[in-house]
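Before any comments, here is the structure.
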Amino acid sequence: MSEEIIRLNSIKKYYDENTRVLEDLNLIINKGAWTSIMGPSGSGKTTLLNIIGCLDSATAGSVSINGTEITKLNQTQLTRFRRENIGLIFQQYHLVPYLTALENVMMAQYYHGVIDEAKAVEALKKVGLGHRLDHVPSHLSGGEQQRVCIARALINEPKILLADEPTGNLDQKNGEIVLDLIRQLHAEGHTIILVTHNSDIAKLGQRIITVIDGKICSDSACTFEINEK
Amino acid sequence: MVGDKMFMRILGKSILKRKSRIAIGVISVIIGASIATALLSVSLDVSEKVGIEFRKYGANLMVVPKSDTIEVGFPGVEFGSVTEQRYINESDLWKIKTIYWRNNVLGFAPFLYQVVSVGDGVNRQNVVLAGTYFDKNVVILQPYSPNDNPMFITGIQEISPWWTVNGSWISDQNDTTSAMIGIKVAETLHLRIGDSFTVHYDEYAGDAINETSHNLTVVGIIETEGYEDNQIFVNLQVAQELTHRPGKIHTVQVSALCNACPVEAFVEEIQANIPYVEARTVKQLASAEMNILGKIENMMFLITIVGLIASALGVMTTMITSVIERQKEIGLMKSVGAENKKIVSLFLSEATIIGVIGGILGYIIGIILAQFIGYSVFSMSITPRFEVIPISIGISVGVALLASIFPVRRAVSVEPAIVLRGE
């Protein structure tokens, strides 16, 4: 049986009484698994991803990641925990516009406290951008920017990679390149949680969770268990 | 070390990327820094130069005999007043050196003035003759303390060492034939060093005029840019004998070192020791100039405060705009692991750079502004003071950092989950 890495117990996220984003959500994700989260816009899937990524906090419930109860951590401890355990891949890449591809990756190293330029170059080579090290984001294509974002997410060797619509802004060709990279990272043992609207992309994962109105509406793992029975 | 390099790289590139925004912040700082620099430069320089002007006056205390003023006229009809001419006795001068603050009395010089004529026949010209001490041994008859030196060397050479003298001072206190003349007297009477001339004093006795003459030789020509340029200086005894006023003097100029001590204390004690005199501070005599300087300093202080507030508002606006424009960048930095202190240090470093550049440029512009004020208000140039540079930079950095407190708090409160939302 696989070792669990993420456990969410009765997670609630309310902005106010009328804006209930997540409602009593329970979820266990195993180490090394690729979990795809689907759902319509506003269903709460990005909020769920942000809570797992320590970017947002739950109104109630507990979140345990890699054995640490993160709901008990203060802001600084959450930041430290995030940089050591989680890599983030954004739909809009979010690169610092005035830094080169290499510097964007090194910035993540800098905030992690360990700067290794050779390692940053290696990470960019791994995503096929060895020839674009000194280019600023405005001189890179969308696919290339997303690959810099992936290199940045990887550079501190996080156990968990969270990707929010990583191919949402890319054409099919660049989308394929990015998905190949994510497949490769999964094969290397990273735990992947990927939010997507695209069912074909979701199917690349071992498990598909569908979130509607802040609740898990379907979970392929459960379906599998039911089918097994 | 590598981390510092990366920090500098992020800081440098973020500044270069937003040059125009930073320039607005720098200009804001320049406004306050230039006014502060101008204030300090004018204040320090003019105070010092006015001080030098006061010292040029001869001393910072003037002792004169008390005089009775008699009102003249009929009841209801005032003609004015007449003042009786009185003198100070030369024999009382040593008492000036027996006050509590005696060690702060650097020197004094008595003066006996008389308008005399110089030249022959119809070409005679009237000039003020001043008898004084040049370098005189004064005996302190009753020292304040037994440990005090009973001899005190004093004279005009002691209290006015900055006079420009072409030739030499009168060094012998018994020299009755030498004279030092002001440069304007030398020009008017065409006298040079080594030339001899005769002074004539006419004394009216009833209807008769008794003329006394005395031959003098020019040993030095004085240039002070003051009233001394129009006078002839001789040993006091020469003036006393020529004008038949033995042992008498009109005024005493006292040079007192009063940086920390109250000058009023000198005045009171001198008046107590020599009851028939009154002492006045040169500051009192020059109070009008001091008042102008004081008022301008107050006005410039207020303008500086307003300028620094304007600077602070300018920097704050720049920094707030910067934080708003860079919300995603801040959110991203936080999302990849930047703790709040890293975000704070990034923005405060930017503010410091704005402060330093603004402070340096503000100093340069402030010096130009100071020259303008110096020429237009005081008719004098203002010497740039390099000690004002760190003050200007310090004030600028301080203002920039203070103005950044609110924007930095806003930067720290940026929530990555909100600003990085993928819509």
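In the structure tokens, chains take letters A, B, ... by order of appearance, with residues numbered from 1 within each chain and ligands from 1 in the order shown.
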Listing only residues of chain B within 6 Å of chain A, what is the closest atom pair and its distance in Å (to one decimal) for each, using only C-alpha atoms, sorted by chain and residue number ascending, as a Markdown table?
```
| residue | atom | partner | partner_atom | distance |
| --- | --- | --- | --- | --- |
| B:Gly3 | CA | A:Tyr110 | CA | 6.0 |
| B:Val336 | CA | A:Ala108 | CA | 5.6 |
| B:Gly337 | CA | A:Arg83 | CA | 4.7 |
| B:Ala338 | CA | A:Tyr111 | CA | 5.1 |
| B:Ala417 | CA | A:Leu55 | CA | 5.3 |
```
Residues of range 80-178 of chain A in helix (DSSP H, G or I), written as number ranges by chain
A: 80-85, 101-112, 117-126, 137-139, 142-154, 172-178
Could you list, as a VMD selection string, every residue within 12 Å of Val238 in chain B, counting only C-alpha atoms and ignoring same-chain residues fewer than 6 positions away?
chain B and resid 111 to 114 129 to 133 173 to 179 199 201 212 to 216 232 244 to 248
DSSP on the backbone: what in range 15-210 of chain B comes out strand (DSSP E), as a ChimeraX atom specification?
/B:61-65,69-74,77-83,88-89,105-118,125-132,136-139,151-154,164-167,178-182,196-205,208-210
Keeping only C-alpha atoms, take the residues you just selected and write them out as a short mmCIF file (atom, residue, chain, number, x, y, z; two decimals), in the first residue's frame.
```cif
data_model
loop_
_atom_site.label_atom_id
_atom_site.label_comp_id
_atom_site.auth_asym_id
_atom_site.auth_seq_id
_atom_site.Cartn_x
_atom_site.Cartn_y
_atom_site.Cartn_z
CA LEU B 61 32.52 93.90 23.75
CA MET B 62 32.71 97.68 23.68
CA VAL B 63 33.31 99.58 26.94
CA VAL B 64 32.33 103.25 26.93
CA PRO B 65 31.97 105.83 29.71
CA THR B 69 22.17 113.27 28.65
CA ILE B 70 20.66 116.69 29.35
CA GLU B 71 17.37 117.56 27.72
CA VAL B 72 17.41 121.10 26.32
CA GLY B 73 14.42 123.34 25.68
CA PHE B 74 11.48 125.20 27.20
CA VAL B 77 9.33 122.96 23.34
CA GLU B 78 12.08 120.35 23.04
CA PHE B 79 15.27 121.23 21.23
CA GLY B 80 16.84 117.84 21.73
CA SER B 81 19.63 116.81 24.04
CA VAL B 82 23.31 117.36 24.60
CA THR B 83 25.68 114.72 25.82
CA ILE B 88 37.62 106.31 30.86
CA ASN B 89 40.75 106.48 32.96
CA VAL B 105 39.25 87.90 28.22
CA LEU B 106 41.65 87.33 25.34
CA GLY B 107 42.65 90.93 25.06
CA PHE B 108 41.53 94.53 25.03
CA ALA B 109 42.58 97.76 23.37
CA PRO B 110 41.79 101.30 24.55
CA PHE B 111 41.07 104.04 22.02
CA LEU B 112 41.33 107.79 22.18
CA TYR B 113 40.01 109.36 19.01
CA GLN B 114 40.58 112.82 17.65
CA VAL B 115 39.98 114.42 14.31
CA VAL B 116 43.30 115.90 13.23
CA SER B 117 44.49 117.52 10.05
CA VAL B 118 47.31 116.29 7.91
CA GLN B 125 42.81 117.10 5.17
CA ASN B 126 40.95 115.95 8.23
CA VAL B 127 41.58 112.39 9.39
CA VAL B 128 40.64 110.48 12.51
CA LEU B 129 43.67 109.79 14.70
CA ALA B 130 43.28 106.82 17.03
CA GLY B 131 45.62 106.33 19.94
CA THR B 132 45.73 102.75 21.18
CA LYS B 136 51.38 96.64 25.66
CA ASN B 137 52.36 95.18 29.03
CA VAL B 138 49.52 96.00 31.38
CA VAL B 139 50.18 95.54 35.10
CA MET B 151 51.34 91.07 33.71
CA PHE B 152 49.02 91.03 30.72
CA ILE B 153 50.23 91.69 27.20
CA THR B 154 47.43 93.16 25.15
CA THR B 164 46.06 92.80 6.69
CA VAL B 165 49.15 94.85 7.43
CA ASN B 166 51.57 95.92 4.74
CA GLY B 167 54.79 96.81 6.50
CA SER B 178 55.61 105.67 14.23
CA ALA B 179 52.12 105.46 12.78
CA MET B 180 50.06 102.81 11.06
CA ILE B 181 47.63 104.25 8.55
CA GLY B 182 44.53 102.87 6.87
CA SER B 196 56.87 111.09 7.10
CA PHE B 197 53.92 113.36 7.68
CA THR B 198 52.71 115.86 10.26
CA VAL B 199 49.44 115.80 12.14
CA HIS B 200 47.96 119.01 13.49
CA TYR B 201 45.50 119.36 16.35
CA ASP B 202 43.68 122.63 16.89
CA GLU B 203 42.47 123.29 20.37
CA TYR B 204 40.00 126.12 20.88
CA ALA B 205 40.56 128.15 24.05
CA ALA B 208 42.28 131.57 20.48
CA ILE B 209 43.32 128.46 18.64
CA ASN B 210 46.26 126.54 20.00
#
```
Long-range neighbours of range 19-22 of chain A as a PyMOL selection string, 7 Å cut-off, only C-alpha atoms, 6 positions minimum in chain:
chain A and resi 11-13+44+213-215
Pull C-alpha atoms from the residues just selected and write them as a PDB file, in the first residue's frame.
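In the end it all went to selection25.pdb:
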```pdb
ATOM      1  CA  ILE A  11     -11.808  21.235   4.973  1.00  0.00           C
ATOM      2  CA  LYS A  12     -14.054  24.260   4.823  1.00  0.00           C
ATOM      3  CA  LYS A  13     -13.281  27.533   3.124  1.00  0.00           C
ATOM      4  CA  GLY A  44     -13.304  25.530  -5.689  1.00  0.00           C
ATOM      5  CA  ASP A 213     -19.763  23.530  -5.485  1.00  0.00           C
ATOM      6  CA  GLY A 214     -16.900  22.962  -3.078  1.00  0.00           C
ATOM      7  CA  LYS A 215     -17.468  19.276  -2.695  1.00  0.00           C
TER       8      LYS A 215
END
```
Using only C-alpha atoms, which protein or nucleic acid residues come within 10 Å of Met319 in chain B? Drop anything in the same chain fewer than 3 positions from it, and give the result as a list of chain:residue names.
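After dropping sequence-adjacent residues, the list is B:Arg21, B:Ile22, B:Gly25, B:Leu313, B:Gly314, B:Val315, B:Met316, B:Ser322, B:Val323, B:Ile324, B:Glu325, B:Phe347, B:Leu348, B:Glu350, B:Ala351, B:Ala400, B:Ala403, B:Ser404, B:Ile405, B:Phe406, B:Pro407, B:Val408, B:Ala411.
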Residues near Gly374 in chain B, cut-off 10 Å, only C-alpha atoms, skip fewer than 6 positions along chain, as a count of residues only
11
